[in-house]
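Taking it in order: structure first as structure tokens, then the write-up.
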4 protein chains.
Amino acid sequence: MRPSSSPSERPYGGLLGHLPGDPSLDEVVGDRALVAAMLRAEGALATAQAEVGLAPVAAARLVARVAAKAAYDPDELGAAAAASGNPVVPLAAWLARDVAEQDEAAAGWVHRGATSQDILDTALMIVAAEATGRLLARLDHCSDALARLARRHASTLMAGRTLGQVAAPTTFGLKVTGWLAGVDAASRRLRDSRARLAVQLGGPVGTGAAWSPSLPDLLPAFARATGLASAVPWHTERSRMVELATSLGQAVAACAKIATDVIVLSQNEIGELREGAELGRGGSSAMPHKQNPVGSVLVRAAALRAPGLVATVLSAAVHEGERATGAWHAEWSPLRELLHLAGGAGALIADVLERLEVDEPNMADRVTGAGSVMFAESVSRALSGPLGRAEAQQVVAAAARSTRRTGTPFRDVLAADPRVTAHLDAAALESCFDPGVHVRAAADLVALTLSRRDTPEDR
Amino acid sequence: MRPSSSPSERPYGGLLGHLPGDPSLDEVVGDRALVAAMLRAEGALATAQAEVGLAPVAAARLVARVAAKAAYDPDELGAAAAASGNPVVPLAAWLARDVAEQDEAAAGWVHRGATSQDILDTALMIVAAEATGRLLARLDHCSDALARLARRHASTLMAGRTLGQVAAPTTFGLKVTGWLAGVDAASRRLRDSRARLAVQLGGPVGTGAAWSPSLPDLLPAFARATGLASAVPWHTERSRMVELATSLGQAVAACAKIATDVIVLSQNEIGELREGAELGRGGSSAMPHKQNPVGSVLVRAAALRAPGLVATVLSAAVHEGERATGAWHAEWSPLRELLHLAGGAGALIADVLERLEVDEPNMADRVTGAGSVMFAESVSRALSGPLGRAEAQQVVAAAARSTRRTGTPFRDVLAADPRVTAHLDAAALESCFDPGVHVRAAADLVALTLSRRDTPEDR
Amino acid sequence: MRPSSSPSERPYGGLLGHLPGDPSLDEVVGDRALVAAMLRAEGALATAQAEVGLAPVAAARLVARVAAKAAYDPDELGAAAAASGNPVVPLAAWLARDVAEQDEAAAGWVHRGATSQDILDTALMIVAAEATGRLLARLDHCSDALARLARRHASTLMAGRTLGQVAAPTTFGLKVTGWLAGVDAASRRLRDSRARLAVQLGGPVGTGAAWSPSLPDLLPAFARATGLASAVPWHTERSRMVELATSLGQAVAACAKIATDVIVLSQNEIGELREGAELGRGGSSAMPHKQNPVGSVLVRAAALRAPGLVATVLSAAVHEGERATGAWHAEWSPLRELLHLAGGAGALIADVLERLEVDEPNMADRVTGAGSVMFAESVSRALSGPLGRAEAQQVVAAAARSTRRTGTPFRDVLAADPRVTAHLDAAALESCFDPGVHVRAAADLVALTLSRRDTPEDR
Amino acid sequence: MRPSSSPSERPYGGLLGHLPGDPSLDEVVGDRALVAAMLRAEGALATAQAEVGLAPVAAARLVARVAAKAAYDPDELGAAAAASGNPVVPLAAWLARDVAEQDEAAAGWVHRGATSQDILDTALMIVAAEATGRLLARLDHCSDALARLARRHASTLMAGRTLGQVAAPTTFGLKVTGWLAGVDAASRRLRDSRARLAVQLGGPVGTGAAWSPSLPDLLPAFARATGLASAVPWHTERSRMVELATSLGQAVAACAKIATDVIVLSQNEIGELREGAELGRGGSSAMPHKQNPVGSVLVRAAALRAPGLVATVLSAAVHEGERATGAWHAEWSPLRELLHLAGGAGALIADVLERLEVDEPNMADRVTGAGSVMFAESVSRALSGPLGRAEAQQVVAAAARSTRRTGTPFRDVLAADPRVTAHLDAAALESCFDPGVHVRAAADLVALTLSRRDTPEDR
């Protein structure tokens with residue numbers, strides 16, 4: 001047997017699996033974990049049948065014990081799976097063989113009444129439950145970090161940017177509040193998806209005829225033995241897979257919003273945020289001076305890959321008849337890949353947030369310095385009463401163009417324009433350039449959001 | 001002004017818009033409906049500002065009244081939108097102009113404090129709320145029809161088919177129960193997504209500075225005036241769009257599972273289901289004898305198109321800064337397309353179910369006639385006690401091959417095999433071929449599912 | 001009949017169709033154009049049958065004449081199409097009716113031997129040939145503009161940026177050369193796809209039995225009459241659709257690379273490029289000072305939407321039997337949407353390039369000023385001989401960190417470091433900071449690329 | 001060092017990697033192969049620099065020799081890659097260390113002038129060239145098998161089926177000709193994509209400044225040393241990746257068309273094709289009688305997964321600046337996955353074709369027996385002269401409905417209808433039911449296609 005660090009345990013380890021990836025999830029998503037989950041499902045099936053009186057207790061115990069100890073090699077199982085098209089056919093045969101070595105009759109209770117899909121679907125649910133449990137803990141950790149960051153920077157003045165251009169003042173805390181809302185929404189939806197993860201048990205075509213009329217008792221017993229929820233057979237009703245995949249995609253996107261803002265604000269010319277340095281991290285093979293926002297870059301890579309995988313799970317959600325001719329097989333890899341990518345994105349963002357450096361002076365300078373043109377909307381609003389909206393906008397736009405062309409500060413251009421001074425005296429014009437109103441508005445929204453978040457049902 | 005049947009009201013009307021399409025949804029999703037929703041948002045903004053004391057009541061009333069009456073041509077608005085990249089810029093300008101015609105000062109209250117995205121996002125929410133409301137009603141209608149169908153056919157024996165091959169007996173009612181579970185799951189998730197549809201209002205960069213410190217009061221007032229939920233600004237937090245899109249994709253997939261089974265079972269050689277004829281429906285331009293399952297075919301077409309659109313909305317969910325450089329614009333078309341496709345799929349499936357013809361004798365004959373090989377699993381299970389699982393399977397597989405090769409009925413081959421007769425007497429063998437156990441098992445599951453469904457919280 | 005500006009002619013006109021969109025393509029891709037193409041195919045079929053002696057010449061002429069004059073309303077045709085699932089069924093019936101009004105017997109030659117798919121596939125090919133012809137002309141125009149731009153700026157020094165960080169010097173011309181290579185590659189592949197656009201003619205199941213044994217002559221005659229290439233029936237072999245869709249997706253991506261670089265370099269803090277102003281273009285509804293890179297933003301929106309549509313066409317490429325149960329119907333909308341998006345992206349980029357403002361002083365300042373750290377790779381390379389690669393990188397990285405921390409210019413830090421001065425004298429260090437070597441290297445590559453491009457076969 | 005069968009060599013081995021998968025491709029696509037390709041690129045770079053006089057020959061030879069012998073563990077390299085975000089950073093460091101052990105000065109020539117992307121892009125090209133070479137050989141093998149099959153069954157009568165319903169007669173050979181055309185088209189496009197696979201070499205930002213002015217000589221030398229084509233730096237121009245990915249997707253779809261037809265025609269009720277049995281292949285874990293079309297099912301699974309991966313590569317094709325913030329990293333996994341899926345699909349289809357069993361009597365019976373309604377189009381065509389197209393269709397449709405309702409053979413219903421007999425005598429009616437015309441028409445098309453195929457330029 002291989003040592004536990006064997007690469008086959010980590011389908012997403014290997015050369016590129018860490019980019020992005022979450023080693024702590026690979027341990028529950030990897031090949032060895034999936035084999036263990038299939039064996040757990042086989043053991044639980046025997047146990048449950050004994051519990052409801054369908055199987056002899058001793059035989060069931062033996063099956064469960066042998067299943068718990070078995071550690072079939074994923075590569076060998078994979079090779080053997082090619083003939084039947086799924087790994088449960090050889091796994092059930094091997095398990096029956098190993099049970100038979102101790103008690104030939106007991107081997108008859110292995111996989112009894114079940115079909116391959118019962119075992120593999122249930123095993124994927126076990127894997128998903130464990131992986132999403134860990135991911136949710138990590139997202140909660142991120143949410144807490146974000147809430148703290150939002151509170152700390154509720155009034156940290158910075159430039160808002162729209163369509164790539166500086167726009168109007170905001171605060172860094174309000175930006176972070178948006179990040180937080182995205183993570184919270186993804187967690188909520190993922191939690192809902194996770195609550196539906198359930199055992200699948202129905203036999204060849206989903207009637208559970210082999211267990212009739214005890215199936216209504218067998219299902220909850222099987223659920224208890226696996227730690228999942230109980231459900232009537234859902235072998236061709238793939239909403240659980242769809243909801244899981246779409247929630248994971250949403251979680252990756254929520255992380256990628258943060259990553260993208262970090263990358264934009266880390267550009268040397270902006271320099272308002274920085275992924276904190278760590279020795280050897282973010283380096284380049286050619287350019288020793290570079291400090292790349294590697295964590296954020298990898299999260300964006302995950303966000304580019306997730307939508308195609310979500311689309312695949314959705315394309316594969318239509319299972320014809322009582323077992324699909326391809327759609328079932330198409331789900332396995334993208335579902336695991338999404339668990340892996342979402343786990344990696346969550347882990348990377350948690351790390352980025354922990355190491356994030358905020359350059360408050362740079363943020364503030366951007367607003368009060370050359371960027372004062374970003375108060376244009378305030379001026380325009382103040383003028384739109386007397387001048388009307390259209391003319392007010394024209395006056396302000398002309399001033400902005402003049403600033404761009406001549407370099408004369410925006411406020412000075414306005415102060416020299418009789419169309420402005422006719423309606424706004426010096427104090428009124430001054431007040432248009434007061435960052436305070438923006439900061440207060442933003443801080444109010446941060447407070448409002450955080451206070452609602454403390455009420456559990458809104459979370 | 002154009003008459004109400006103008007094509008521009010139906011972006012998804014036209015030549016191919018009905019394939020698939022839901023005219024009743026187009027009426028709320030179409031261009032004219034979206035323009036109306038934008039105008040409604042502008043009117044509601046004025047109204048809400050007056051309500052919280054930020055705007056004069058008379059001016060707000062005028063704005064709301066002019067907005068309610070305006071019916072800007074979508075094509076003209078679209079052409080004017082090219083310069084700024086969104087249709088709100090010209091719409092707000094035209095509305096201000098029309099208000100100014102009656103009261104110049106009041107025009108200053110049009111769009112005051114808002115940004116284009118506030119209006120367009122809110123308008124899309126209005127459209128989505130209306131369209132999903134109708135879709136949910138239709139899905140509920142389908143669920144009811146499916147529950148009735150499941151109950152009626154709970155014990156209607158038919159062949160279960162896996163990987164395209166006849167497998168083991170089931171009942172049509174149990175198959176329908178799976179269809180029902182898919183539709184119910186999609187409804188549940190869509191209802192959850194719909195509950196989060198909310199107004200967006202934050203001004204240029206989302207601080208709502210123009211309304212500070214009244215924004216906490218203004219938001220619920222704006223929500224009331226539009227009929228949506230209230231929410232803090234979410235302009236760059238796109239979870240609502242993602243949840244809406246993924247739910248719609250799930251709904252289409254749930255309909256497509258039904259459609260696919262109808263198509264498979266309508267093949268001439270199977271002939272167990274048929275989309276009921278209607279004069280002129282399902283015809284071919286070349287083959288007058290054909291009765292094509294057109295409704296189901298169109299639903300499958302919708303299911304092929306939805307995943308790519310869902311992936312697009314997910315790809316576009318990462319909005320950098322305070323307004324994205326493309327991601328925002330990329331959402332509009334796929335979201336409307338998904339509302340349209342899901343609406344069409346729902347309407348078509350409702351129609352298919354209404355006209356569905358079930359050929360019960362054909363279904364039963366398939367199981368009891370030549371297909372008796374589908375009781376192989378029962379025989380194998382009965383033999384696996386005495387023979388062990390592996391040998392039992394070999395014996396039964398050999399008999400099945402013999403039947404395939406020689407045409408001798410499966411039961412006769414078994415009855416002549418001493419490895420079988422040594423352990424199963426005639427009665428025991430006979431009982432393996434009893435469809436009753438399968439029918440009872442299936443009917444139990446149908447009853448279990450329907451009874452749970454009657455408990456509201458499980459629905 | 002509607003005037004030619006009727007909205008139904010532009011399925012992608014309407015409210016949002018210009019964002020992005022190419023009105024000049026809509027004219028050939030729109031509903032009215034597709035109806036005209038279907039009628040042209042019906043007319044050509046009659047003409048071709050007469051040419052090979054399968055139909056009376058007079059009847060064929062009448063059919064072709066009536067088809068050429070018919071202008072069926074797309075909305076009415078679309079509504080009538082719902083019953084059969086495709087618009088050819090009513091179109092052929094209406095055409096036969098209109099021919100019969102003049103000559104009852106001649107009506108029998110309408111659509112004779114053909115199936116709906118023959119007409120619709122051929123019509124889509126006609127539309128695609130016209131639209132891609134225009135798009136290729138536009139891409140060629142872009143290529144020429146890019147080649148001129150690359151030549152003009154072959155030696156325009158600017159900062160190269162990797163992973164969002166300033167990296168090392170390059171020239172604007174070399175960057176443009178990359179843009180050009182992408183556009184040229186997309187054109188090449190699209191041209192190849194276009195060369196395969198061909199008539200589809202095979203009758204109900206593709207045997208062309210109605211025309212046997214004249215089909216080998218009929219196919220080229222039909223091709224001549226439509227202006228397309230000839231081909232044996234390909235009704236369930238969808239490589240033409242796949243190649244068309246993927247080429248269009250590639251073209252959009254090539255445009256989006258340009259758009260993205262324009263957006264990044266237009267950020268106020270960088271200010272090296274700008275979408276040239278035009279009165280009323282790029283404006284904001286709230287912020288009168290803003291000059292948004294609207295053209296580039298819309299191209300990026302197109303690039304976010306194209307991959308999902310390409311995936312849909314690929315998902316729909318598997319047509320079972322002799323006509324698919326959904327996959328055929330699923331192609332129509334995404335193919336037209338891709339023609340529309342690629343056309344829009346091409347038109348927008350052509351416009352952006354025409355109006356592009358290049359701020360050469362800003363570009364150069366970035367390299368020679370504060371950004372001199374971007375010569376770090378040169379220094380590191382110079383030191384790696386004497387110090388070894390690893391130590392050289394450490395020394396330079398430490399100097400860069402010191403610059404970041406203290407603000408001391410990078411060159412001064414290095415000049416004060418004995419590990420540097422031990423191996424590089426002042427002149428050697430100076431030469432590491434010579435932008436000339438970078439400019440010459442870049443200019444050489446520009447020249448090399450442009451000279452190869454002049455050789456037709458490399459284009 | 002691990003033995004060559006180590007699982008880390010096969011990222012797509014493991015538990016599910018064979019479903020579908022091509023072990024012979026994994027050997028060139030796997031982690032160990034990619035590491036070897038990166039080392040080959042590093043060695044080739046040193047060799048090429050020596051060749052053009054930029055590096056000392058002895059040092060270059062040592063670098064190449066050490067690189068050729070190195071066999072860094074993919075898992076260790078992957079773990080080390082996390083810090084910098086790509087595996088080349090540690091690989092180059094390790095290689096320099098190993099070279100330095102033998103000659104410290106020579107280590108300075110490792111990776112000299114290059115950036116990580118040069119090495120990884122070139123290595124992916126090496127891997128893609130090898131994998132697509134093998135895939136093309138396999139597709140050619142399939143084409144040959146298909147051409148033989150088409151020729152053998154050119155006149156094998158069978159039912160054509162459209163929209164899931166029997167439609168009109170065709171031949172199996174003509175169906176196979178369509179399969180062949182799809183495979184040939186995919187091969188052609190893939191061959192074109194493969195011809196563009198080229199080295200990437202440009203240094204940090206693509207100017208190749210370190211090698212200036214020798215780059216124009218260095219590029220072809222580097223190309224020769226790697227076995228790839230030469231090209232100017234294309235680091236942010238990703239058309240090669242897009243063309244490779246879309247061609248692979250097209251190849252999978254071409255295989256899936258075959259697989260889908262095999263599955264449909266293998267249904268027990270149709271029984272016209274069968275994936276030939278092989279002991280232990282296609283078995284079920286629960287139903288010993290089943291012979292599942294496992295090969296075809298797995299190909300369909302591949303076809304469900306490929307479009308999402310193609311969309312991902314297309315989404316990731318926009319690389320901003322001189323190195324993208326995520327798009328580059330997002331390409332690696334989907335490209336390798338596509339090579340793997342296309343390889344698996346090609347291998348599986350080759351195997352399916354080899355084992356395919358064609359039941360000619362079943363095929364013929366379907367047309368001449370109960371299915372004679374599929375001659376309806378011929379009858380309708382014969383009647384459309386005298387009756388006009390519309391009435392002819394009505395008469396025939398009514399007869400078909402009568403057959404469906406009463407079971408009276410279609411021909412008898414027609415022979416009893418005075419509207420038919422008034423225009424068609426017994427012989428004329430009989431000739432409408434002659435399968436010969438369909439067989440001849442189909443066989444002609446088969447011959448036409450195969451003869452064109454023998455002309456190389458049409459292939």
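As shown in the structure tokens, the chain order sets the letters A, B, ...; within each chain, residues go from 1, and ligands are also counted from 1 in the order they appear.
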Next item on the list: Just list the residues in segment 19-181 of chain D DSSP gives helix (DSSP H, G or I) on the backbone, as a PyMOL selection string.
Entry: chain D and resi 23-29+31-51+57-69+74-81+88-100+105-109+116-152+172-181
Who sits within 7 Å of segment 259-268 of chain D, only C-alpha atoms, same chain under 4 positions skipped, as an mmCIF file with N, CA, C and O atoms, in the first residue's frame:
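As a result, part.cif now contains:
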```
data_model
loop_
_atom_site.group_PDB
_atom_site.id
_atom_site.type_symbol
_atom_site.label_atom_id
_atom_site.label_comp_id
_atom_site.auth_asym_id
_atom_site.auth_seq_id
_atom_site.Cartn_x
_atom_site.Cartn_y
_atom_site.Cartn_z
ATOM 1 N N GLY B 164 -29.551 3.524 -22.290
ATOM 2 C CA GLY B 164 -30.192 3.245 -23.566
ATOM 3 C C GLY B 164 -30.696 1.820 -23.726
ATOM 4 O O GLY B 164 -31.228 1.470 -24.792
ATOM 5 N N GLN B 165 -30.560 1.010 -22.705
ATOM 6 C CA GLN B 165 -30.969 -0.392 -22.800
ATOM 7 C C GLN B 165 -32.073 -0.690 -21.783
ATOM 8 O O GLN B 165 -32.059 -0.134 -20.683
ATOM 9 N N VAL B 166 -33.004 -1.598 -22.144
ATOM 10 C CA VAL B 166 -34.015 -1.984 -21.163
ATOM 11 C C VAL B 166 -33.294 -2.601 -19.980
ATOM 12 O O VAL B 166 -32.338 -3.359 -20.138
ATOM 13 N N GLU C 320 -28.224 13.784 -33.861
ATOM 14 C CA GLU C 320 -28.464 12.344 -33.955
ATOM 15 C C GLU C 320 -29.354 12.012 -35.151
ATOM 16 O O GLU C 320 -30.171 12.824 -35.572
ATOM 17 N N GLY C 321 -29.191 10.793 -35.655
ATOM 18 C CA GLY C 321 -30.002 10.320 -36.766
ATOM 19 C C GLY C 321 -29.882 11.234 -37.969
ATOM 20 O O GLY C 321 -28.807 11.757 -38.269
ATOM 21 N N CYS D 255 -16.594 12.675 -33.081
ATOM 22 C CA CYS D 255 -16.678 11.323 -32.516
ATOM 23 C C CYS D 255 -18.041 11.095 -31.852
ATOM 24 O O CYS D 255 -18.597 9.996 -31.913
ATOM 25 N N GLU D 272 -30.400 -2.239 -34.462
ATOM 26 C CA GLU D 272 -29.769 -2.272 -35.784
ATOM 27 C C GLU D 272 -28.243 -2.247 -35.693
ATOM 28 O O GLU D 272 -27.552 -2.680 -36.596
ATOM 29 N N LEU D 273 -27.728 -1.695 -34.602
ATOM 30 C CA LEU D 273 -26.288 -1.698 -34.362
ATOM 31 C C LEU D 273 -26.044 -2.248 -32.954
ATOM 32 O O LEU D 273 -26.942 -2.254 -32.111
ATOM 33 N N ARG D 274 -24.832 -2.679 -32.726
ATOM 34 C CA ARG D 274 -24.451 -3.104 -31.384
ATOM 35 C C ARG D 274 -22.947 -2.950 -31.227
ATOM 36 O O ARG D 274 -22.196 -3.303 -32.134
ATOM 37 N N PRO D 293 -23.649 -0.004 -24.259
ATOM 38 C CA PRO D 293 -22.723 0.574 -25.240
ATOM 39 C C PRO D 293 -21.750 1.528 -24.554
ATOM 40 O O PRO D 293 -21.790 2.745 -24.771
ATOM 41 N N SER D 296 -19.447 4.154 -26.442
ATOM 42 C CA SER D 296 -20.195 5.296 -26.973
ATOM 43 C C SER D 296 -20.665 6.227 -25.857
ATOM 44 O O SER D 296 -20.665 7.452 -26.013
ATOM 45 N N VAL D 299 -17.840 8.438 -24.868
ATOM 46 C CA VAL D 299 -17.570 9.481 -25.857
ATOM 47 C C VAL D 299 -18.578 10.625 -25.709
ATOM 48 O O VAL D 299 -18.228 11.801 -25.813
ATOM 49 N N ARG D 300 -19.829 10.257 -25.454
ATOM 50 C CA ARG D 300 -20.829 11.312 -25.234
ATOM 51 C C ARG D 300 -20.510 12.130 -23.980
ATOM 52 O O ARG D 300 -20.731 13.342 -23.949
#
```
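Atom CA of Ala221 of chain C lies 15.9 Å from atom CA of Gly203 of chain C.
Distances here use only C-alpha atoms; by that measure, the residue among B:Ala48, B:Val35, B:Ala198, B:Leu139 closest to chain C is B:Val35.
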Checklist line | Who sits within 8 Å of segment 39-45 of chain B, only C-alpha atoms, same chain under 2 positions skipped, as a list in words | finding: Val35, Ala36, Ala37, Thr47, Ala48, Gln49, Ala60, Val63, Ala64, Arg65, Ala67, Ala68, Ala70, Ala92, Val110, His111, Ile119, Thr122, Ala123, Phe222, Ala225 and Thr226 of chain B
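The shortest atom-to-atom distance to Ala443 of chain C, with only C-alpha atoms taken into account, belongs to C:His153 out of C:His141, C:His153, C:Arg389, C:Arg366.
Compared by their closest atoms to Glu337 of chain C, and using only C-alpha atoms, the residues C:Val352, C:Val437, C:Val310, C:Ala195 rank with C:Val310 nearest.
Residues in contact range of Asp192 of chain C, defined as at most 12 Å between only C-alpha atoms, with sequence neighbours fewer than 3 positions away removed, read C:Ala129, C:Thr132, C:Gly133, C:Leu136, C:Ala185, C:Ala186, C:Ser187, C:Arg188, C:Arg189, C:Ala195, C:Arg196, C:Leu197, C:Arg240, C:Glu243, C:Leu244, C:Thr246, C:Ser247, C:Leu248, D:Ala185, D:Arg188, D:Arg189, D:Asp192, D:Ser193.
Residue nearest Leu146 of chain C, chosen from C:Met374, C:Ala301, C:Val446, C:Leu95 and counting only C-alpha atoms: C:Val446.
The space between atom CA of Val183 of chain B and atom CA of Ala254 of chain B spans 5.4 Å.
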Check: Which chain C residues are at most 6 Å from chain B (counting only C-alpha atoms), as a PyMOL selection string?
Finding: chain C and resi 7-8+14-16+18+31+74-75+78+82-85+89+115-116+281-283+285-286+294+297-298+300-301+305+308-309+312+325-327+329-330
Write a file of the just-selected residues containing N, CA and C atoms, as a compact mmCIF listing (two decimals), in the first residue's frame.
```txt
# COMPACT_ATOMS: atom_id res chain seq x y z
N PRO C 7 -38.21 47.66 -37.48
CA PRO C 7 -37.39 47.02 -36.45
C PRO C 7 -37.28 45.51 -36.65
N SER C 8 -38.27 44.90 -37.28
CA SER C 8 -38.20 43.45 -37.40
C SER C 8 -37.08 43.04 -38.32
N GLY C 14 -33.23 47.33 -31.88
CA GLY C 14 -33.99 47.47 -30.65
C GLY C 14 -33.18 48.18 -29.59
N LEU C 15 -33.59 47.98 -28.35
CA LEU C 15 -33.09 48.77 -27.26
C LEU C 15 -31.60 48.57 -26.98
N LEU C 16 -31.17 47.33 -26.96
CA LEU C 16 -29.80 47.04 -26.52
C LEU C 16 -28.93 46.48 -27.64
N HIS C 18 -27.42 47.68 -30.09
CA HIS C 18 -26.24 48.41 -30.54
C HIS C 18 -25.08 48.27 -29.55
N ASP C 31 -33.76 39.47 -39.35
CA ASP C 31 -34.89 38.62 -39.71
C ASP C 31 -35.25 38.74 -41.18
N PRO C 74 -41.54 38.77 -41.05
CA PRO C 74 -40.85 37.85 -40.14
C PRO C 74 -41.68 37.50 -38.91
N ASP C 75 -42.42 38.46 -38.41
CA ASP C 75 -43.20 38.19 -37.20
C ASP C 75 -44.33 37.21 -37.48
N GLY C 78 -42.77 33.88 -38.05
CA GLY C 78 -42.32 33.34 -36.76
C GLY C 78 -43.49 32.76 -35.98
N ALA C 82 -44.34 28.27 -35.08
CA ALA C 82 -44.40 27.60 -33.79
C ALA C 82 -44.99 26.19 -33.91
N ALA C 83 -45.95 26.00 -34.78
CA ALA C 83 -46.64 24.72 -34.87
C ALA C 83 -45.73 23.61 -35.37
N SER C 84 -44.89 23.92 -36.35
CA SER C 84 -44.04 22.88 -36.91
C SER C 84 -42.64 22.90 -36.33
N GLY C 85 -42.30 23.98 -35.67
CA GLY C 85 -40.98 24.06 -35.08
C GLY C 85 -39.93 24.68 -35.98
N VAL C 89 -41.68 25.54 -42.99
CA VAL C 89 -42.98 24.90 -43.26
C VAL C 89 -44.00 25.95 -43.72
N THR C 115 -36.40 19.34 -47.97
CA THR C 115 -36.91 19.34 -46.61
C THR C 115 -36.60 20.70 -45.99
N SER C 116 -37.26 21.02 -44.90
CA SER C 116 -37.09 22.34 -44.27
C SER C 116 -35.62 22.65 -44.02
N ARG C 281 -19.81 61.51 -26.87
CA ARG C 281 -19.44 60.09 -26.80
C ARG C 281 -18.72 59.82 -25.49
N GLY C 282 -19.03 58.67 -24.89
CA GLY C 282 -18.33 58.28 -23.67
C GLY C 282 -18.79 59.04 -22.44
N GLY C 283 -19.93 59.75 -22.54
CA GLY C 283 -20.42 60.52 -21.42
C GLY C 283 -21.13 59.67 -20.38
N SER C 285 -24.26 59.58 -17.23
CA SER C 285 -25.52 60.24 -16.88
C SER C 285 -25.37 61.05 -15.60
N ALA C 286 -24.33 60.79 -14.83
CA ALA C 286 -24.21 61.46 -13.54
C ALA C 286 -22.95 62.31 -13.43
N VAL C 294 -15.80 54.02 -24.07
CA VAL C 294 -17.02 53.26 -24.31
C VAL C 294 -16.86 52.20 -25.39
N VAL C 297 -15.06 49.30 -23.94
CA VAL C 297 -15.91 48.63 -22.95
C VAL C 297 -16.91 47.71 -23.65
N LEU C 298 -17.51 48.19 -24.73
CA LEU C 298 -18.49 47.37 -25.43
C LEU C 298 -17.85 46.16 -26.10
N ARG C 300 -15.28 44.58 -24.92
CA ARG C 300 -15.06 43.62 -23.84
C ARG C 300 -16.37 42.91 -23.47
N ALA C 301 -17.46 43.64 -23.50
CA ALA C 301 -18.76 43.00 -23.24
C ALA C 301 -19.02 41.90 -24.28
N ARG C 305 -19.46 37.66 -23.85
CA ARG C 305 -20.63 36.91 -24.31
C ARG C 305 -20.30 35.83 -25.33
N GLY C 308 -19.69 31.71 -24.37
CA GLY C 308 -20.88 30.92 -24.07
C GLY C 308 -21.64 30.55 -25.34
N LEU C 309 -21.66 31.45 -26.30
CA LEU C 309 -22.35 31.17 -27.57
C LEU C 309 -21.57 30.14 -28.39
N THR C 312 -22.23 26.84 -26.98
CA THR C 312 -23.56 26.37 -27.35
C THR C 312 -23.54 25.73 -28.73
N THR C 325 -33.04 16.18 -32.43
CA THR C 325 -34.20 16.55 -31.60
C THR C 325 -33.85 17.74 -30.71
N GLY C 326 -33.47 18.84 -31.32
CA GLY C 326 -33.19 20.04 -30.55
C GLY C 326 -31.89 20.71 -30.95
N ALA C 327 -30.89 19.92 -31.29
CA ALA C 327 -29.57 20.51 -31.59
C ALA C 327 -29.62 21.41 -32.82
N HIS C 329 -32.24 23.18 -33.89
CA HIS C 329 -32.94 24.40 -33.51
C HIS C 329 -32.08 25.29 -32.61
N ALA C 330 -31.20 24.66 -31.84
CA ALA C 330 -30.38 25.42 -30.90
C ALA C 330 -29.29 26.24 -31.58
```
Item checked: Distance query His438 of chain C at most 9 Å, only C-alpha atoms, self and fewer than 5 positions along chain excluded, as a count of residues only -> 11
Note to self: Give me, as a ChimeraX atom specification, all polymer residues having an atom no more than 10 Å from Val395 of chain C, counting only C-alpha atoms and skipping those fewer than 6 positions away in the same chain.
What the structure shows: /A:288-289 /C:379-380,383,387,414,417,419-420
Margin query: Set the distance at 12 Å and use only C-alpha atoms: which residues neighbour Cys142 of chain B once local chain neighbours fewer than 4 positions away are removed? I'd like the list as number ranges by chain.
Written below: B: 135-138, 146-150, 176, 179-184, 186-187, 251, 254-255, 258, 345-354
